[in-house]
>>> print(open('coords_23.csv').read())   # CSV, C-alpha atoms
chain,number,residue,atom,x,y,z
A,218,MET,CA,2.1,22.6,14.0
A,219,THR,CA,5.5,20.9,14.1
A,220,PHE,CA,5.2,17.2,14.5
A,221,ASP,CA,7.0,15.6,17.4
A,222,PRO,CA,7.3,11.8,17.4
A,223,GLU,CA,7.2,11.9,21.2
A,224,THR,CA,3.6,13.1,21.1
A,225,LEU,CA,2.4,9.7,19.7
A,226,LYS,CA,0.9,7.3,22.2
A,227,TYR,CA,3.1,4.2,22.4
A,228,ASN,CA,2.2,0.9,24.1
A,229,ASP,CA,4.0,-0.5,27.1
A,230,ALA,CA,6.8,-1.7,24.8
A,231,GLY,CA,7.2,1.8,23.4
A,232,LEU,CA,5.7,0.8,20.0
A,233,VAL,CA,2.9,2.0,17.8
A,234,PRO,CA,1.3,0.0,14.9
A,235,ALA,CA,2.0,1.3,11.4
A,236,ILE,CA,-0.2,0.2,8.5
A,237,ALA,CA,1.4,0.3,5.1
A,238,GLN,CA,-0.9,1.1,2.1
A,239,ASP,CA,0.2,1.1,-1.5
A,240,ALA,CA,0.1,4.6,-3.0
A,241,ASP,CA,-0.9,3.4,-6.4
A,242,THR,CA,-3.4,0.6,-5.8
A,243,SER,CA,-4.6,1.6,-2.2
A,244,GLU,CA,-4.0,-2.1,-1.3
A,245,ILE,CA,-3.1,-2.7,2.4
A,246,LEU,CA,0.3,-4.3,2.2
A,247,MET,CA,1.3,-5.1,5.8
A,248,MET,CA,1.2,-3.9,9.4
A,249,ALA,CA,4.3,-3.6,11.6
A,250,TRP,CA,5.5,-1.6,14.5
A,251,MET,CA,7.5,1.6,15.0
A,252,ASN,CA,9.1,3.2,18.1
A,253,SER,CA,9.7,6.9,18.2
A,254,GLU,CA,13.2,6.6,16.6
A,255,ALA,CA,11.8,4.5,13.8
A,256,VAL,CA,9.2,7.2,13.2
A,257,ARG,CA,12.0,9.8,13.1
A,258,ARG,CA,14.1,7.8,10.7
A,259,THR,CA,11.1,7.1,8.4
A,260,LEU,CA,10.3,10.8,8.1
A,261,ASP,CA,14.0,11.9,7.8
A,262,SER,CA,15.0,9.3,5.3
A,263,GLY,CA,11.8,8.8,3.3
A,264,ARG,CA,12.5,5.0,3.6
A,265,VAL,CA,10.0,3.2,5.8
A,266,THR,CA,11.7,1.9,8.9
A,267,TYR,CA,10.0,-0.4,11.5
A,268,TRP,CA,11.1,-1.8,14.8
A,269,SER,CA,11.5,-5.6,14.6
A,270,ARG,CA,10.0,-7.1,17.7
A,271,SER,CA,11.5,-10.5,17.0
A,272,ARG,CA,15.0,-9.2,16.3
A,273,GLN,CA,14.7,-6.2,18.7
A,274,SER,CA,16.4,-3.9,16.1
A,275,PHE,CA,15.5,-1.3,13.5
A,276,TRP,CA,14.2,-2.8,10.3
A,277,VAL,CA,14.7,-0.7,7.2
A,278,LYS,CA,12.1,-2.4,5.1
A,279,GLY,CA,13.7,-4.1,2.1
A,280,GLU,CA,17.3,-3.5,3.3
A,281,SER,CA,18.2,-7.1,2.7
A,282,SER,CA,15.5,-8.2,0.2
A,283,GLY,CA,15.5,-5.0,-1.9
A,284,HIS,CA,11.7,-4.8,-1.4
A,285,VAL,CA,11.9,-1.2,-0.1
A,286,GLN,CA,9.0,1.1,0.8
A,287,GLU,CA,9.5,4.7,-0.3
A,288,LEU,CA,7.4,7.0,1.9
A,289,VAL,CA,4.7,8.9,0.0
A,290,ASP,CA,2.6,10.2,2.9
A,291,PHE,CA,2.7,9.8,6.6
A,292,ARG,CA,-0.6,9.9,8.6
A,293,LEU,CA,-1.6,9.5,12.2
A,294,ASP,CA,-5.0,8.7,13.6
A,295,CYS,CA,-7.3,10.7,15.9
A,296,ASP,CA,-6.0,9.0,19.1
A,297,ARG,CA,-2.3,9.4,18.0
A,298,ASP,CA,-1.8,5.7,18.6
A,299,CYS,CA,-1.8,4.3,15.1
A,300,LEU,CA,0.1,5.3,12.0
A,301,LEU,CA,-0.7,4.9,8.3
A,302,VAL,CA,2.2,5.0,5.9
A,303,ILE,CA,1.4,5.4,2.2
A,304,VAL,CA,4.2,3.9,0.2
A,305,ARG,CA,5.6,3.1,-3.1
A,306,GLN,CA,6.4,-0.6,-2.7
A,307,THR,CA,9.2,-2.3,-4.7
A,308,GLY,CA,8.4,-6.0,-5.2
A,309,PRO,CA,6.3,-8.0,-2.7
A,310,ALA,CA,5.7,-6.5,0.8
A,311,CYS,CA,5.2,-9.9,2.4
A,312,HIS,CA,8.1,-12.2,3.5
A,313,THR,CA,6.1,-15.0,1.7
A,314,ASN,CA,6.8,-13.2,-1.6
A,315,ARG,CA,3.2,-12.1,-1.9
A,316,ARG,CA,2.3,-8.6,-2.8
A,317,SER,CA,0.4,-8.2,0.5
A,318,CYS,CA,0.5,-10.0,3.9
A,319,PHE,CA,-3.3,-10.0,3.9
A,320,TYR,CA,-3.7,-12.8,1.4
A,321,THR,CA,-6.0,-15.0,3.4
A,322,ALA,CA,-9.8,-14.4,3.4
A,323,VAL,CA,-12.4,-16.0,5.6
A,324,ARG,CA,-15.5,-16.7,3.5
A,325,ALA,CA,-18.4,-18.9,4.5
A,326,GLY,CA,-16.3,-20.1,7.4
A,327,ASP,CA,-13.4,-21.2,5.4
A,328,GLU,CA,-9.9,-19.8,4.8
A,329,THR,CA,-9.3,-19.0,1.2
A,330,GLU,CA,-5.9,-17.9,-0.3
A,331,LEU,CA,-6.3,-14.9,-2.6
A,332,MET,CA,-2.8,-14.4,-3.8
A,333,SER,CA,0.1,-16.6,-4.9
A,334,PRO,CA,3.8,-15.9,-4.2
A,335,THR,CA,5.4,-14.1,-7.1
A,336,GLY,CA,8.4,-15.3,-9.1
B,98,MET,CA,-9.8,-25.1,5.7
B,99,THR,CA,-12.4,-24.1,8.4
B,100,PHE,CA,-11.4,-20.9,10.1
B,101,ASP,CA,-11.1,-21.1,13.9
B,102,PRO,CA,-10.8,-17.7,15.6
B,103,GLU,CA,-8.7,-19.4,18.3
B,104,THR,CA,-5.9,-19.9,15.8
B,105,LEU,CA,-5.2,-16.2,15.6
B,106,LYS,CA,-2.2,-14.8,17.6
B,107,TYR,CA,-3.5,-12.5,20.3
B,108,ASN,CA,-1.4,-10.2,22.4
B,109,ASP,CA,-1.1,-10.5,26.2
B,110,ALA,CA,-4.5,-8.8,26.6
B,111,GLY,CA,-6.1,-11.4,24.2
B,112,LEU,CA,-6.5,-8.8,21.4
B,113,VAL,CA,-5.6,-8.5,17.8
B,114,PRO,CA,-5.5,-5.3,15.8
B,115,ALA,CA,-8.2,-5.0,13.1
B,116,ILE,CA,-7.8,-2.5,10.2
B,117,ALA,CA,-11.0,-1.3,8.6
B,118,GLN,CA,-10.9,-0.4,4.9
B,119,ASP,CA,-13.7,1.1,2.9
B,120,ALA,CA,-15.0,-1.4,0.3
B,121,ASP,CA,-15.8,1.2,-2.3
B,122,THR,CA,-13.0,3.8,-1.9
B,123,SER,CA,-10.3,1.6,-0.4
B,124,GLU,CA,-9.7,4.3,2.1
B,125,ILE,CA,-8.4,3.2,5.5
B,126,LEU,CA,-11.1,4.2,8.0
B,127,MET,CA,-9.8,3.2,11.4
B,128,MET,CA,-7.9,0.6,13.5
B,129,ALA,CA,-9.4,-1.0,16.6
B,130,TRP,CA,-9.0,-4.3,18.5
B,131,MET,CA,-10.9,-7.6,18.5
B,132,ASN,CA,-10.7,-10.5,20.9
B,133,SER,CA,-11.7,-14.0,19.7
B,134,GLU,CA,-15.3,-13.5,20.6
B,135,ALA,CA,-15.5,-10.2,18.7
B,136,VAL,CA,-14.0,-12.0,15.7
B,137,ARG,CA,-16.7,-14.7,16.0
B,138,ARG,CA,-19.5,-12.1,16.4
B,139,THR,CA,-18.2,-10.1,13.4
B,140,LEU,CA,-18.2,-13.2,11.2
B,141,ASP,CA,-21.5,-14.5,12.4
B,142,SER,CA,-23.5,-11.2,12.3
B,143,GLY,CA,-21.8,-9.5,9.4
B,144,ARG,CA,-21.7,-6.4,11.6
B,145,VAL,CA,-18.2,-5.4,12.6
B,146,THR,CA,-17.7,-5.8,16.3
B,147,TYR,CA,-14.6,-4.7,18.2
B,148,TRP,CA,-13.5,-5.0,21.8
B,149,SER,CA,-13.4,-1.5,23.5
B,150,ARG,CA,-10.2,-1.4,25.6
B,151,SER,CA,-11.4,1.8,27.4
B,152,ARG,CA,-14.9,0.4,28.2
B,153,GLN,CA,-13.8,-3.2,28.5
B,154,SER,CA,-16.8,-4.4,26.5
B,155,PHE,CA,-17.9,-5.4,23.1
B,156,TRP,CA,-18.4,-2.5,20.7
B,157,VAL,CA,-20.7,-3.2,17.8
B,158,LYS,CA,-19.5,-0.3,15.6
B,159,GLY,CA,-22.2,2.2,15.1
B,160,GLU,CA,-24.6,0.7,17.6
B,161,SER,CA,-25.2,4.0,19.3
B,162,SER,CA,-24.1,6.4,16.5
B,163,GLY,CA,-25.7,4.5,13.6
B,164,HIS,CA,-22.3,4.6,11.9
B,165,VAL,CA,-22.3,0.9,11.3
B,166,GLN,CA,-19.8,-1.2,9.4
B,167,GLU,CA,-21.2,-4.0,7.3
B,168,LEU,CA,-18.6,-6.7,6.7
B,169,VAL,CA,-17.8,-7.2,3.0
B,170,ASP,CA,-14.6,-9.3,3.4
B,171,PHE,CA,-12.5,-10.6,6.3
B,172,ARG,CA,-8.8,-11.1,5.9
B,173,LEU,CA,-5.9,-12.2,8.1
B,174,ASP,CA,-2.2,-11.6,7.6
B,175,CYS,CA,0.6,-14.1,7.2
B,176,ASP,CA,1.5,-14.1,10.9
B,177,ARG,CA,-2.2,-14.4,11.9
B,178,ASP,CA,-1.7,-11.5,14.3
B,179,CYS,CA,-3.5,-8.7,12.3
B,180,LEU,CA,-6.9,-8.5,10.7
B,181,LEU,CA,-8.2,-6.5,7.8
B,182,VAL,CA,-12.0,-6.0,7.6
B,183,ILE,CA,-13.3,-4.6,4.3
B,184,VAL,CA,-16.5,-2.8,5.1
B,185,ARG,CA,-19.4,-0.8,3.8
B,186,GLN,CA,-19.3,2.2,6.2
B,187,THR,CA,-22.5,4.2,7.0
B,188,GLY,CA,-21.5,7.8,7.8
B,189,PRO,CA,-18.2,8.8,9.3
B,190,ALA,CA,-16.0,6.1,10.9
B,191,CYS,CA,-14.2,8.5,13.3
B,192,HIS,CA,-15.7,9.7,16.6
B,193,THR,CA,-14.7,13.2,15.5
B,194,ASN,CA,-17.2,12.9,12.7
B,195,ARG,CA,-14.6,12.6,10.0
B,196,ARG,CA,-14.8,9.9,7.4
B,197,SER,CA,-11.5,8.4,8.5
B,198,CYS,CA,-9.5,8.5,11.7
B,199,PHE,CA,-6.4,9.1,9.7
B,200,TYR,CA,-7.1,12.7,8.9
B,201,THR,CA,-3.7,14.1,10.0
B,202,ALA,CA,-0.7,14.1,7.7
B,203,VAL,CA,2.9,14.9,8.5
B,204,ARG,CA,4.3,16.9,5.7
B,205,ALA,CA,7.6,18.8,5.7
B,206,GLY,CA,7.7,18.3,9.5
B,207,ASP,CA,4.3,19.8,10.1
B,208,GLU,CA,0.9,18.3,11.0
B,209,THR,CA,-1.7,19.1,8.4
B,210,GLU,CA,-5.4,18.3,8.7
B,211,LEU,CA,-6.7,16.7,5.6
B,212,MET,CA,-10.4,16.3,6.4
B,213,SER,CA,-13.1,18.3,8.1
B,214,PRO,CA,-15.9,16.9,10.3
B,215,THR,CA,-19.0,16.3,8.3
B,216,GLY,CA,-22.5,17.7,9.0
>>> encode(input="coords_23.csv", output="structure tokens")
Amino acid sequence: MTFDPETLKYNDAGLVPAIAQDADTSEILMMAWMNSEAVRRTLDSGRVTYWSRSRQSFWVKGESSGHVQELVDFRLDCDRDCLLVIVRQTGPACHTNRRSCFYTAVRAGDETELMSPTG
Amino acid sequence: MTFDPETLKYNDAGLVPAIAQDADTSEILMMAWMNSEAVRRTLDSGRVTYWSRSRQSFWVKGESSGHVQELVDFRLDCDRDCLLVIVRQTGPACHTNRRSCFYTAVRAGDETELMSPTG
């Protein structure tokens, strides 16, 4: 069946969450949002493209930092309201210069930092 | 630093997305939502508890199906607006009886089913 980005279920802002997972390590790198045009651009270009809610503009991941995400596989969930992009990540995915945005764990009630910024 | 669920950034509905990842295989199982009380219950009980938007009630994953999620690690992202729960999943995570909700891939423009329902 041909995939049509319009068949995804977007929220009131026209967005769907997209989880980015590292193709090599299976690590969860980040979560950001896409609108239907970002979905289309991601699939067409093979370069993961989000919608920046703060800047209200398309966000080709790594366009300014060089920390690009090359699309390896594109998945949708059973409810068609969440995406999983499996990516080859260049450099850190997080704006804090950590490999992943999920660098804080809660253990025994305390926040613990699991990763340091690189370079 | 002591973790306080109130310091997370919830959306207008008071919810934060929570990604569930399998502790053994690193597979992404599902994405659902938590409010601050669901976060608290998840951490206190070690049993992953979401907020069901459709039923508007707490949803102890697997309470009726037996497909429970035992919490192995709890992470938050840099923006404190997304959670990652690393879990030990009993049975399929998806209501379609598939291991993961992300069983549909988009490849060469077509939707492809990657997993079959179990049992």
>>> closest_atom_pairs(input="coords_23.csv", of="chain A", to="chain B", cutoff="10 Å", atoms="all atoms listed in the file", output="CSV")
residue,atom,partner,partner_atom,distance
A:Met218,CA,B:Asp207,CA,5.3
A:Thr219,CA,B:Asp207,CA,4.3
A:Phe220,CA,B:Asp207,CA,5.2
A:Asp221,CA,B:Gly206,CA,8.4
A:Pro234,CA,B:Pro114,CA,8.7
A:Ile236,CA,B:Ile116,CA,8.2
A:Gln238,CA,B:Ile125,CA,8.5
A:Thr242,CA,B:Ser123,CA,8.8
A:Ser243,CA,B:Ser123,CA,6.0
A:Glu244,CA,B:Ser123,CA,7.4
A:Ile245,CA,B:Leu181,CA,8.3
A:Leu246,CA,B:Asp174,CA,9.4
A:Met247,CA,B:Asp174,CA,7.6
A:Met248,CA,B:Cys179,CA,7.3
A:Ala249,CA,B:Cys179,CA,9.3
A:Leu260,CA,B:Gly206,CA,8.1
A:Asp261,CA,B:Gly206,CA,9.1
A:Val289,CA,B:Arg204,CA,9.8
A:Asp290,CA,B:Ala202,CA,7.0
A:Phe291,CA,B:Val203,CA,5.4
A:Arg292,CA,B:Ala202,CA,4.3
A:Leu293,CA,B:Phe199,CA,5.4
A:Asp294,CA,B:Phe199,CA,4.2
A:Cys295,CA,B:Cys198,CA,5.2
A:Asp296,CA,B:Cys198,CA,8.2
A:Arg297,CA,B:Phe199,CA,9.3
A:Asp298,CA,B:Met128,CA,9.4
A:Cys299,CA,B:Met128,CA,7.3
A:Leu300,CA,B:Phe199,CA,7.9
A:Leu301,CA,B:Phe199,CA,7.2
A:Val302,CA,B:Ala202,CA,9.7
A:Cys311,CA,B:Cys175,CA,7.9
A:His312,CA,B:Cys175,CA,8.6
A:Thr313,CA,B:Cys175,CA,7.8
A:Arg315,CA,B:Cys175,CA,9.7
A:Ser317,CA,B:Asp174,CA,8.3
A:Cys318,CA,B:Asp174,CA,4.9
A:Phe319,CA,B:Asp174,CA,4.2
A:Tyr320,CA,B:Asp174,CA,6.5
A:Thr321,CA,B:Arg172,CA,5.4
A:Ala322,CA,B:Arg172,CA,4.3
A:Val323,CA,B:Phe171,CA,5.4
A:Arg324,CA,B:Phe171,CA,7.4
A:Ala325,CA,B:Leu140,CA,8.8
A:Gly326,CA,B:Phe100,CA,5.7
A:Asp327,CA,B:Thr99,CA,4.3
A:Glu328,CA,B:Met98,CA,5.4
A:Thr329,CA,B:Met98,CA,7.6
A:Glu330,CA,B:Arg172,CA,9.6
A:Leu331,CA,B:Arg172,CA,9.6
>>> axis_aligned_box(input="coords_23.csv", around="region 290-295 of chain A", padding_each_side="8 Å", output="AutoDock Vina command-line options")
--center_x -2.3 --center_y 9.7 --center_z 9.4 --size_x 26.0 --size_y 18.0 --size_z 29.0
>>> atom_distance(input="coords_23.csv", atom1="CA of Arg196 (chain B)", atom2="CA of Ala237 (chain A)")
19.0 Å
>>> atom_distance(input="coords_23.csv", atom1="CA of Pro102 (chain B)", atom2="CA of Arg138 (chain B)")
10.4 Å
>>> residues_around(input="coords_23.csv", residues="region 262-276 of chain A", least_positions_apart="3", cutoff="6 Å", atoms="all atoms listed in the file", output="list in words")
Trp250, Met251, Ala255, Arg258, Thr259, Gln286, Glu287 and Leu288 of chain A
>>> atom_distance(input="coords_23.csv", atom1="CA of Gly283 (chain A)", atom2="CA of Asp239 (chain A)")
16.5 Å
>>> closest_residue(input="coords_23.csv", among="A:Asn228, A:His284, A:Thr335, A:Val277", to="Val256 (chain A)", atoms="all atoms listed in the file")
A:Val277
>>> decode(input="coords_23.csv", residues="region 155-183 of chain B", atoms="N, CA, C and O atoms", output="PDB file, in the first residue's frame")
ATOM      1  N   PHE B 155      -6.134   6.414  34.742  1.00  0.00           N
ATOM      2  CA  PHE B 155      -4.816   5.798  34.839  1.00  0.00           C
ATOM      3  C   PHE B 155      -4.857   4.443  34.173  1.00  0.00           C
ATOM      4  O   PHE B 155      -5.885   3.761  34.195  1.00  0.00           O
ATOM      5  N   TRP B 156      -3.743   4.093  33.573  1.00  0.00           N
ATOM      6  CA  TRP B 156      -3.669   2.867  32.802  1.00  0.00           C
ATOM      7  C   TRP B 156      -2.389   2.155  33.249  1.00  0.00           C
ATOM      8  O   TRP B 156      -1.295   2.472  32.793  1.00  0.00           O
ATOM      9  N   VAL B 157      -2.566   1.232  34.208  1.00  0.00           N
ATOM     10  CA  VAL B 157      -1.433   0.407  34.621  1.00  0.00           C
ATOM     11  C   VAL B 157      -1.239  -0.612  33.506  1.00  0.00           C
ATOM     12  O   VAL B 157      -2.045  -1.522  33.339  1.00  0.00           O
ATOM     13  N   LYS B 158      -0.195  -0.406  32.730  1.00  0.00           N
ATOM     14  CA  LYS B 158       0.025  -1.235  31.538  1.00  0.00           C
ATOM     15  C   LYS B 158      -0.040  -2.718  31.899  1.00  0.00           C
ATOM     16  O   LYS B 158       0.693  -3.169  32.793  1.00  0.00           O
ATOM     17  N   GLY B 159      -0.906  -3.455  31.206  1.00  0.00           N
ATOM     18  CA  GLY B 159      -0.999  -4.895  31.412  1.00  0.00           C
ATOM     19  C   GLY B 159      -1.936  -5.313  32.528  1.00  0.00           C
ATOM     20  O   GLY B 159      -2.083  -6.509  32.793  1.00  0.00           O
ATOM     21  N   GLU B 160      -2.586  -4.344  33.176  1.00  0.00           N
ATOM     22  CA  GLU B 160      -3.447  -4.669  34.321  1.00  0.00           C
ATOM     23  C   GLU B 160      -4.546  -5.650  33.918  1.00  0.00           C
ATOM     24  O   GLU B 160      -4.848  -6.590  34.656  1.00  0.00           O
ATOM     25  N   SER B 161      -5.138  -5.440  32.727  1.00  0.00           N
ATOM     26  CA  SER B 161      -6.167  -6.398  32.298  1.00  0.00           C
ATOM     27  C   SER B 161      -5.581  -7.504  31.407  1.00  0.00           C
ATOM     28  O   SER B 161      -5.982  -8.657  31.493  1.00  0.00           O
ATOM     29  N   SER B 162      -4.596  -7.162  30.562  1.00  0.00           N
ATOM     30  CA  SER B 162      -4.045  -8.137  29.604  1.00  0.00           C
ATOM     31  C   SER B 162      -2.960  -9.025  30.207  1.00  0.00           C
ATOM     32  O   SER B 162      -2.642 -10.081  29.663  1.00  0.00           O
ATOM     33  N   GLY B 163      -2.386  -8.571  31.295  1.00  0.00           N
ATOM     34  CA  GLY B 163      -1.232  -9.296  31.856  1.00  0.00           C
ATOM     35  C   GLY B 163       0.090  -8.912  31.202  1.00  0.00           C
ATOM     36  O   GLY B 163       1.148  -9.373  31.621  1.00  0.00           O
ATOM     37  N   HIS B 164       0.019  -8.052  30.176  1.00  0.00           N
ATOM     38  CA  HIS B 164       1.230  -7.661  29.453  1.00  0.00           C
ATOM     39  C   HIS B 164       1.888  -6.464  30.132  1.00  0.00           C
ATOM     40  O   HIS B 164       1.986  -5.371  29.556  1.00  0.00           O
ATOM     41  N   VAL B 165       2.349  -6.713  31.334  1.00  0.00           N
ATOM     42  CA  VAL B 165       2.877  -5.655  32.187  1.00  0.00           C
ATOM     43  C   VAL B 165       4.267  -5.183  31.743  1.00  0.00           C
ATOM     44  O   VAL B 165       4.976  -5.877  31.023  1.00  0.00           O
ATOM     45  N   GLN B 166       4.600  -3.990  32.207  1.00  0.00           N
ATOM     46  CA  GLN B 166       5.926  -3.425  31.989  1.00  0.00           C
ATOM     47  C   GLN B 166       6.561  -3.140  33.341  1.00  0.00           C
ATOM     48  O   GLN B 166       6.114  -2.258  34.072  1.00  0.00           O
ATOM     49  N   GLU B 167       7.606  -3.882  33.638  1.00  0.00           N
ATOM     50  CA  GLU B 167       8.355  -3.674  34.873  1.00  0.00           C
ATOM     51  C   GLU B 167       9.424  -2.620  34.593  1.00  0.00           C
ATOM     52  O   GLU B 167      10.207  -2.759  33.646  1.00  0.00           O
ATOM     53  N   LEU B 168       9.448  -1.573  35.383  1.00  0.00           N
ATOM     54  CA  LEU B 168      10.395  -0.474  35.162  1.00  0.00           C
ATOM     55  C   LEU B 168      11.824  -0.888  35.496  1.00  0.00           C
ATOM     56  O   LEU B 168      12.093  -1.361  36.603  1.00  0.00           O
ATOM     57  N   VAL B 169      12.719  -0.714  34.534  1.00  0.00           N
ATOM     58  CA  VAL B 169      14.139  -1.013  34.752  1.00  0.00           C
ATOM     59  C   VAL B 169      14.918   0.290  34.924  1.00  0.00           C
ATOM     60  O   VAL B 169      15.785   0.406  35.785  1.00  0.00           O
ATOM     61  N   ASP B 170      14.612   1.286  34.095  1.00  0.00           N
ATOM     62  CA  ASP B 170      15.249   2.598  34.266  1.00  0.00           C
ATOM     63  C   ASP B 170      14.305   3.675  33.740  1.00  0.00           C
ATOM     64  O   ASP B 170      13.534   3.441  32.813  1.00  0.00           O
ATOM     65  N   PHE B 171      14.393   4.836  34.360  1.00  0.00           N
ATOM     66  CA  PHE B 171      13.511   5.963  34.048  1.00  0.00           C
ATOM     67  C   PHE B 171      14.395   7.137  33.634  1.00  0.00           C
ATOM     68  O   PHE B 171      15.269   7.548  34.388  1.00  0.00           O
ATOM     69  N   ARG B 172      14.170   7.658  32.426  1.00  0.00           N
ATOM     70  CA  ARG B 172      15.010   8.758  31.935  1.00  0.00           C
ATOM     71  C   ARG B 172      14.149   9.933  31.493  1.00  0.00           C
ATOM     72  O   ARG B 172      13.014   9.747  31.042  1.00  0.00           O
ATOM     73  N   LEU B 173      14.733  11.123  31.556  1.00  0.00           N
ATOM     74  CA  LEU B 173      14.059  12.296  31.005  1.00  0.00           C
ATOM     75  C   LEU B 173      14.994  13.000  30.040  1.00  0.00           C
ATOM     76  O   LEU B 173      16.216  12.835  30.134  1.00  0.00           O
ATOM     77  N   ASP B 174      14.430  13.762  29.133  1.00  0.00           N
ATOM     78  CA  ASP B 174      15.295  14.391  28.130  1.00  0.00           C
ATOM     79  C   ASP B 174      15.726  15.786  28.566  1.00  0.00           C
ATOM     80  O   ASP B 174      15.292  16.307  29.593  1.00  0.00           O
ATOM     81  N   CYS B 175      16.613  16.365  27.780  1.00  0.00           N
ATOM     82  CA  CYS B 175      17.229  17.665  28.076  1.00  0.00           C
ATOM     83  C   CYS B 175      16.204  18.770  28.318  1.00  0.00           C
ATOM     84  O   CYS B 175      16.456  19.677  29.097  1.00  0.00           O
ATOM     85  N   ASP B 176      15.073  18.694  27.615  1.00  0.00           N
ATOM     86  CA  ASP B 176      14.040  19.722  27.763  1.00  0.00           C
ATOM     87  C   ASP B 176      13.026  19.376  28.849  1.00  0.00           C
ATOM     88  O   ASP B 176      12.077  20.134  29.065  1.00  0.00           O
ATOM     89  N   ARG B 177      13.188  18.235  29.465  1.00  0.00           N
ATOM     90  CA  ARG B 177      12.263  17.755  30.503  1.00  0.00           C
ATOM     91  C   ARG B 177      10.833  17.656  29.997  1.00  0.00           C
ATOM     92  O   ARG B 177       9.889  17.763  30.773  1.00  0.00           O
ATOM     93  N   ASP B 178      10.674  17.445  28.673  1.00  0.00           N
ATOM     94  CA  ASP B 178       9.316  17.325  28.131  1.00  0.00           C
ATOM     95  C   ASP B 178       9.085  15.999  27.413  1.00  0.00           C
ATOM     96  O   ASP B 178       8.115  15.866  26.656  1.00  0.00           O
ATOM     97  N   CYS B 179       9.960  15.024  27.641  1.00  0.00           N
ATOM     98  CA  CYS B 179       9.773  13.685  27.088  1.00  0.00           C
ATOM     99  C   CYS B 179      10.457  12.678  28.013  1.00  0.00           C
ATOM    100  O   CYS B 179      11.533  12.952  28.542  1.00  0.00           O
ATOM    101  N   LEU B 180       9.808  11.531  28.195  1.00  0.00           N
ATOM    102  CA  LEU B 180      10.343  10.490  29.071  1.00  0.00           C
ATOM    103  C   LEU B 180      10.710   9.254  28.270  1.00  0.00           C
ATOM    104  O   LEU B 180      10.130   8.988  27.218  1.00  0.00           O
ATOM    105  N   LEU B 181      11.667   8.519  28.796  1.00  0.00           N
ATOM    106  CA  LEU B 181      12.041   7.219  28.235  1.00  0.00           C
ATOM    107  C   LEU B 181      11.993   6.218  29.387  1.00  0.00           C
ATOM    108  O   LEU B 181      12.721   6.382  30.374  1.00  0.00           O
ATOM    109  N   VAL B 182      11.109   5.240  29.274  1.00  0.00           N
ATOM    110  CA  VAL B 182      11.068   4.195  30.302  1.00  0.00           C
ATOM    111  C   VAL B 182      11.648   2.924  29.695  1.00  0.00           C
ATOM    112  O   VAL B 182      11.236   2.484  28.628  1.00  0.00           O
ATOM    113  N   ILE B 183      12.650   2.399  30.356  1.00  0.00           N
ATOM    114  CA  ILE B 183      13.290   1.167  29.915  1.00  0.00           C
ATOM    115  C   ILE B 183      12.663   0.064  30.752  1.00  0.00           C
ATOM    116  O   ILE B 183      12.618   0.171  31.982  1.00  0.00           O
TER     117      ILE B 183
END
